[in-house]
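Presented below is the structure to which this report refers.
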Amino acid sequence: MTAALTGDPAVAPAAPPPTALRRALPLLAAPVAFFVAFFAVPMVVVLSSSLMAGGAPSLANYARVLLDQYHWDVLAVTFRIAALTTLAVTLLGYPLAYYLVRVVSSNALRRSCVILLLLPLFTSNIVRSFGWMILLGRNGLVNDTLVGVGLLERPVRFLGTETGIVIGLVYILLPFIVLAVGNALATVDPTLEEASADLGSSPFTTFWTVTFPLCLPGLIAGVIMVFTLAASAYVTPALLSGGKITVFPMLIFQQYSTVFDVHYGGALSITLLVFTLVLVALAGRIGNGGGNRS
Amino acid sequence: MLPALLSIRDLGKRFGGFHALKGVSLEVEHGEFIALLGPSGCGKTTLLRCIAGFLTPDSGDIRIGGDSVTRLPPHRRPLNTVFQNYALFPHMSVLDNIAYGPRRHGVPRGEAAERAAQALHLVGLEALGARYPRELSGGQQQRVALARAVVNRPKLLLLDEPLSALDMKLRKRMQIELKHLQEKLGIAFVFVTHDQEEAMSMADRIVVMNRGLIEQVGSGTAVYATPATRFVAEFIGEANLLPGAADGDGGLRLAFGTAAVPHPCPHPGPWPDIDAGQSRTGVLRPEHLELLDRADEPGFLTERGIVEDVINTGGQTLVMVRVGDALLASRRLGMPGAGLGRGTQVVVGFRPEHLHVVVGEPAP
């Protein structure tokens, strides 16, 4: 055992006896089978069908996607909405998480707030997005209120605008960032903030030099989650677009559900996936720029 | 005359129904090493946190160099703290951790790094500046925490059980190092500990606390030899507690032997005024209870007893003797003599001047 740990090849232990191996295999098999069945296989199916055109292997589907300016435009809209959503969710969610973890001192109140935050997740996306359709309508509650208090002279159009979609997505994705940041904040030892104050930092400086860097990994995880969910969202944009705005997942849905072209639809899916991964990787890079972190 | 470095007056603090501090007053002079000693829950950490500013007292006043800091937030107080868990910033290198304080006080980056390197040298870790706290051992983290505090050149350093996480050997070594560092830098230390040996071996003065009150302030020798209260007598070192009562002639009748202890006692220290019938407790350290050859040994109060246990702890022998209802401890240097074992009939005795008397009865 110790030899294996120190990595000394001269006294490397023999392979485990076959009985142990036989006993261990079923234990390993279950999770591996799970990942293969639910993650690897679907991806391989989509990828392989996207690489087929007219019954033969071909890159024609990708050419069709990438050589059409329309797809680039839709991609830009999709990522712009995702980015704006992520920004808004972060600006709203971070203070909310901070409030819940650091300001609320009663456990009961904190628990109720978290339940309130999570409750909408138990209802359907469609119901919630439909609710926003009504709220954001020309004579909906939002317009009525804004006009009523005199902030607007006449109703503004939300439905069919990117703003409307962002509002709907922010509402749906807010819990994710609050939970990610909240968990990270809860693991920051308050003594570190006391130490910072003791060494002469104002609460503001303490936040930016100690608290924020220490929960940055949680924030990045939340941002990545929200961004990918926003970029791949279908229901909310579809309901709030009023037919005037198209995002990439809507194109994919059309191909699979209306046109039944799984090859072209597959290529669209893979394209969205690749671009999202590239952006996420870039974000991760920036996040890790701070250097050596635990 | 210069005001005391730290002056605490009538400090009170409640947590809900729990009275953590019930009017604590204390003065600390420049360069002094003070140990706050007491069992857990006695208020010593609450007191330290009030001084540092992490807690706001409900009543009373804290002054540093004559200026009240009671209402100042922690970052405006001219002192530094070494935390029990060290509280090193995990996302900063050792050097950045130490330079953090000077940077916050407007020292330019280069000079701050230089001062951090000096402080690191002071604690003997000059080679580890580029490491991260998680790459250090407990003892090394302890030193970094110390360097991070003293680099700010405070006049007052608060230490919250800084050695409690270290193993016994390292702990002993750090006690000596800390004491040397404190003398070298001339910084006043207020050191919280629940370890009386630690307090006795390091501190100039020990503040013994119990249930939110200060029971006694004095040198290690003073709190050991002349405990002010029964709690101090029991908490500091081992003690034989002999119940007694005033006999009305200024003497003290003990439940030990037949003689009254003369009053006033030749032993120095506080000797509470004795009114007839009032209960008192005689405190007798085990090294002052001797095994004697005869019951009429001159100068001794004696009593017959039966040995219950003989415990040899290396250089010392502890003999537990049952006298009536009480089990008394007698300690002496060297090995137990032959023929001394369980059931041996012996005569125990002490010189009255070694008896110290406190108010109240011993706890049952």
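By order in the structure tokens, chains are A, B, ...; within a chain, residues start at 1; ligands start at 1, following the order shown.
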So which residues of range 173-216 of chain B fall under strand (DSSP E) by DSSP, listed as a list in words?
Ala188, Phe189, Val190, Phe191, Val192, Thr193, Arg205, Ile206, Val207, Val208, Met209, Asn210, Leu213, Ile214, Glu215 and Gln216 of chain B
Store the residues picked out above, limited to N, CA and C atoms, as a CSV table (one decimal), in the first residue's frame.
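The resulting result.csv:
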```csv
chain,number,residue,atom,x,y,z
B,188,ALA,N,2.9,44.5,24.1
B,188,ALA,CA,2.1,43.9,25.1
B,188,ALA,C,1.2,42.8,24.5
B,189,PHE,N,1.2,41.7,25.2
B,189,PHE,CA,0.4,40.5,24.7
B,189,PHE,C,-0.8,40.3,25.7
B,190,VAL,N,-1.9,40.2,25.1
B,190,VAL,CA,-3.1,39.7,25.9
B,190,VAL,C,-3.4,38.3,25.3
B,191,PHE,N,-3.2,37.3,26.1
B,191,PHE,CA,-3.1,35.9,25.6
B,191,PHE,C,-4.2,35.1,26.3
B,192,VAL,N,-5.1,34.6,25.5
B,192,VAL,CA,-6.2,33.8,26.1
B,192,VAL,C,-5.8,32.3,26.1
B,193,THR,N,-6.0,31.7,27.2
B,193,THR,CA,-5.6,30.3,27.3
B,193,THR,C,-6.5,29.6,28.4
B,205,ARG,N,1.5,38.6,34.3
B,205,ARG,CA,0.4,38.6,35.2
B,205,ARG,C,-0.7,37.7,34.6
B,206,ILE,N,-1.4,37.0,35.5
B,206,ILE,CA,-2.4,36.1,35.0
B,206,ILE,C,-3.8,36.7,35.5
B,207,VAL,N,-4.7,36.7,34.6
B,207,VAL,CA,-6.1,37.2,35.0
B,207,VAL,C,-6.9,35.9,35.0
B,208,VAL,N,-7.3,35.5,36.2
B,208,VAL,CA,-8.1,34.3,36.3
B,208,VAL,C,-9.6,34.7,36.2
B,209,MET,N,-10.3,34.1,35.2
B,209,MET,CA,-11.7,34.5,35.0
B,209,MET,C,-12.6,33.3,35.3
B,210,ASN,N,-13.8,33.6,35.8
B,210,ASN,CA,-14.8,32.5,36.0
B,210,ASN,C,-16.2,33.1,35.9
B,213,LEU,N,-16.5,36.9,35.4
B,213,LEU,CA,-15.9,37.8,36.4
B,213,LEU,C,-14.4,37.5,36.5
B,214,ILE,N,-13.7,38.5,36.9
B,214,ILE,CA,-12.3,38.3,37.2
B,214,ILE,C,-12.2,37.9,38.6
B,215,GLU,N,-11.6,36.7,38.9
B,215,GLU,CA,-11.5,36.2,40.2
B,215,GLU,C,-10.2,36.8,40.9
B,216,GLN,N,-9.1,36.9,40.1
B,216,GLN,CA,-7.9,37.3,40.6
B,216,GLN,C,-6.9,37.8,39.5
```
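Using only C-alpha atoms, one finds that the residues of chain A close to chain B, at 7 Å or less, are A:Thr191, A:Leu192, A:Ala195, A:Ala197, A:Asp198, A:Leu199, A:Gly200, A:Ser201, A:Ser202, A:Leu214, A:Arg293.
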DSSP-assigned alpha helix (DSSP H) among range 18-48 of chain A, expressed as an mmCIF file with C-alpha atoms, in the first residue's frame:
```cif
data_model
loop_
_atom_site.group_PDB
_atom_site.id
_atom_site.type_symbol
_atom_site.label_atom_id
_atom_site.label_comp_id
_atom_site.auth_asym_id
_atom_site.auth_seq_id
_atom_site.Cartn_x
_atom_site.Cartn_y
_atom_site.Cartn_z
ATOM 1 C CA PRO A 18 -9.034 -11.712 -9.444
ATOM 2 C CA THR A 19 -11.748 -12.215 -6.837
ATOM 3 C CA ALA A 20 -11.417 -8.639 -5.604
ATOM 4 C CA LEU A 21 -11.488 -7.386 -9.159
ATOM 5 C CA ARG A 22 -14.579 -9.431 -9.925
ATOM 6 C CA ARG A 23 -16.285 -7.989 -6.878
ATOM 7 C CA ALA A 24 -15.310 -4.434 -7.769
ATOM 8 C CA LEU A 25 -16.437 -4.550 -11.384
ATOM 9 C CA PRO A 26 -20.207 -4.494 -10.784
ATOM 10 C CA LEU A 27 -19.704 -1.541 -8.450
ATOM 11 C CA LEU A 28 -17.919 0.360 -11.191
ATOM 12 C CA ALA A 29 -20.261 -0.876 -13.898
ATOM 13 C CA ALA A 30 -23.352 0.890 -12.562
ATOM 14 C CA PRO A 31 -22.065 4.477 -12.696
ATOM 15 C CA VAL A 32 -20.214 3.861 -15.955
ATOM 16 C CA ALA A 33 -23.372 2.399 -17.526
ATOM 17 C CA PHE A 34 -25.344 5.377 -16.255
ATOM 18 C CA PHE A 35 -22.989 7.890 -17.856
ATOM 19 C CA VAL A 41 -24.953 7.658 -26.170
ATOM 20 C CA PRO A 42 -27.271 10.621 -26.868
ATOM 21 C CA MET A 43 -24.268 12.793 -27.759
ATOM 22 C CA VAL A 44 -22.877 10.145 -30.073
ATOM 23 C CA VAL A 45 -26.291 9.681 -31.731
ATOM 24 C CA VAL A 46 -26.649 13.422 -32.344
ATOM 25 C CA LEU A 47 -23.041 13.773 -33.514
ATOM 26 C CA SER A 48 -23.159 10.803 -35.873
#
```
For range 104-114 of chain A, list every protein, DNA or RNA residue within 12 Å, evaluated using only C-alpha atoms, and leave out those in the same chain fewer than 2 positions away; present the list as an mmCIF file with N, CA and C atoms, in the first residue's frame.
```cif
data_model
loop_
_atom_site.group_PDB
_atom_site.id
_atom_site.type_symbol
_atom_site.label_atom_id
_atom_site.label_comp_id
_atom_site.auth_asym_id
_atom_site.auth_seq_id
_atom_site.Cartn_x
_atom_site.Cartn_y
_atom_site.Cartn_z
ATOM 1 N N LEU A 96 -28.328 39.157 -3.381
ATOM 2 C CA LEU A 96 -29.365 38.358 -2.735
ATOM 3 C C LEU A 96 -28.740 37.210 -1.945
ATOM 4 N N ALA A 97 -27.769 36.534 -2.564
ATOM 5 C CA ALA A 97 -27.088 35.433 -1.877
ATOM 6 C C ALA A 97 -26.350 35.960 -0.654
ATOM 7 N N TYR A 98 -25.678 37.109 -0.807
ATOM 8 C CA TYR A 98 -24.939 37.696 0.307
ATOM 9 C C TYR A 98 -25.892 38.006 1.452
ATOM 10 N N TYR A 99 -27.043 38.582 1.072
ATOM 11 C CA TYR A 99 -28.045 38.923 2.078
ATOM 12 C C TYR A 99 -28.492 37.670 2.829
ATOM 13 N N LEU A 100 -28.803 36.624 2.075
ATOM 14 C CA LEU A 100 -29.322 35.400 2.689
ATOM 15 C C LEU A 100 -28.297 34.753 3.614
ATOM 16 N N VAL A 101 -27.032 34.723 3.171
ATOM 17 C CA VAL A 101 -26.020 33.989 3.936
ATOM 18 C C VAL A 101 -25.439 34.833 5.063
ATOM 19 N N ARG A 102 -25.210 36.126 4.802
ATOM 20 C CA ARG A 102 -24.467 36.925 5.769
ATOM 21 C C ARG A 102 -25.303 37.911 6.570
ATOM 22 N N LEU A 116 -38.840 29.921 -0.796
ATOM 23 C CA LEU A 116 -39.527 30.832 -1.721
ATOM 24 C C LEU A 116 -38.774 30.917 -3.042
ATOM 25 N N LEU A 117 -37.447 30.933 -2.926
ATOM 26 C CA LEU A 117 -36.606 31.061 -4.111
ATOM 27 C C LEU A 117 -36.717 29.810 -4.988
ATOM 28 N N LEU A 118 -36.836 28.657 -4.333
ATOM 29 C CA LEU A 118 -36.817 27.391 -5.080
ATOM 30 C C LEU A 118 -38.202 26.975 -5.554
ATOM 31 N N LEU A 119 -39.229 27.479 -4.877
ATOM 32 C CA LEU A 119 -40.582 27.031 -5.172
ATOM 33 C C LEU A 119 -40.929 27.125 -6.662
ATOM 34 N N PRO A 120 -40.625 28.250 -7.333
ATOM 35 C CA PRO A 120 -40.980 28.340 -8.752
ATOM 36 C C PRO A 120 -40.362 27.224 -9.590
ATOM 37 N N LEU A 121 -39.223 26.670 -9.133
ATOM 38 C CA LEU A 121 -38.571 25.610 -9.907
ATOM 39 C C LEU A 121 -39.441 24.366 -9.972
ATOM 40 N N LEU A 174 -32.542 32.916 -11.877
ATOM 41 C CA LEU A 174 -32.020 33.554 -10.668
ATOM 42 C C LEU A 174 -31.674 32.544 -9.554
ATOM 43 N N PRO A 175 -32.540 31.566 -9.282
ATOM 44 C CA PRO A 175 -32.227 30.634 -8.174
ATOM 45 C C PRO A 175 -30.883 29.938 -8.344
ATOM 46 N N PHE A 176 -30.503 29.656 -9.588
ATOM 47 C CA PHE A 176 -29.264 28.901 -9.802
ATOM 48 C C PHE A 176 -28.054 29.674 -9.292
ATOM 49 N N VAL A 178 -28.070 32.193 -7.153
ATOM 50 C CA VAL A 178 -28.178 32.444 -5.713
ATOM 51 C C VAL A 178 -27.673 31.217 -4.942
ATOM 52 N N LEU A 179 -28.064 30.040 -5.422
ATOM 53 C CA LEU A 179 -27.628 28.822 -4.731
ATOM 54 C C LEU A 179 -26.121 28.621 -4.872
ATOM 55 N N GLY A 182 -24.423 31.407 -2.887
ATOM 56 C CA GLY A 182 -24.749 31.230 -1.471
ATOM 57 C C GLY A 182 -23.927 30.120 -0.849
ATOM 58 N N ASN A 183 -23.816 29.006 -1.564
ATOM 59 C CA ASN A 183 -23.024 27.893 -1.055
ATOM 60 C C ASN A 183 -21.564 28.282 -0.904
#
```
Residue with the minimum atom-to-atom distance to Lys155 in chain B, picked from B:Met168, B:Leu47, B:Ile187, B:Ala326 with only C-alpha atoms counted, is B:Ile187
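Atom pair CA of Leu219 in chain A / CA of Phe39 in chain A: separated by 25.3 Å.
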Residue neighbourhood Gly129 in chain B, 8 Å, only C-alpha atoms, exclusion window fewer than 4 positions, as JSON, numbers by chain:
{"B": [93, 94, 95, 117, 120, 125]}
Generate the output file for the selected residues, N, CA and C atoms, as an mmCIF file, in the first residue's frame.
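Full text of selection.cif as output:
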```cif
data_model
loop_
_atom_site.group_PDB
_atom_site.id
_atom_site.type_symbol
_atom_site.label_atom_id
_atom_site.label_comp_id
_atom_site.auth_asym_id
_atom_site.auth_seq_id
_atom_site.Cartn_x
_atom_site.Cartn_y
_atom_site.Cartn_z
ATOM 1 N N SER B 93 -0.403 34.111 -1.000
ATOM 2 C CA SER B 93 0.828 33.465 -0.570
ATOM 3 C C SER B 93 1.152 33.935 0.851
ATOM 4 N N VAL B 94 2.085 33.241 1.484
ATOM 5 C CA VAL B 94 2.501 33.596 2.829
ATOM 6 C C VAL B 94 2.944 35.060 2.887
ATOM 7 N N LEU B 95 3.746 35.458 1.902
ATOM 8 C CA LEU B 95 4.272 36.826 1.889
ATOM 9 C C LEU B 95 3.137 37.843 1.716
ATOM 10 N N ALA B 117 8.958 40.322 4.481
ATOM 11 C CA ALA B 117 10.097 39.406 4.466
ATOM 12 C C ALA B 117 10.835 39.456 5.804
ATOM 13 N N LEU B 120 8.838 37.625 8.343
ATOM 14 C CA LEU B 120 8.940 36.189 8.107
ATOM 15 C C LEU B 120 10.274 35.666 8.638
ATOM 16 N N LEU B 125 10.885 31.672 9.025
ATOM 17 C CA LEU B 125 10.307 30.970 7.871
ATOM 18 C C LEU B 125 10.669 31.665 6.559
#
```
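Every protein, DNA or RNA residue with an atom at most 7 Å from Gly282 in chain B, where only C-alpha atoms count and chain neighbours fewer than 3 positions away do not, is listed here: Leu241, Leu242, Pro243, Gly244, Leu355, His356, Val357 and Val358 of chain B.
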Please produce a file of the residues just selected, as a tab-separated table (two decimals), in the first residue's frame, where the atoms kept are C-alpha atoms.
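File selection01.tsv, as written:
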```tsv
chain	number	residue	atom	x	y	z
B	241	LEU	CA	-9.26	22.07	50.48
B	242	LEU	CA	-9.88	21.89	54.22
B	243	PRO	CA	-13.25	23.15	55.45
B	244	GLY	CA	-13.00	25.38	58.47
B	355	LEU	CA	-2.02	27.23	54.87
B	356	HIS	CA	-3.80	29.83	52.81
B	357	VAL	CA	-7.37	30.73	53.70
B	358	VAL	CA	-10.16	31.79	51.34
```
Residues within 8 Å of range 135-139 of chain B, only C-alpha atoms, excluding chain neighbours under 4 positions, as JSON, numbers by chain:
{"B": [131, 143, 165, 166, 170]}
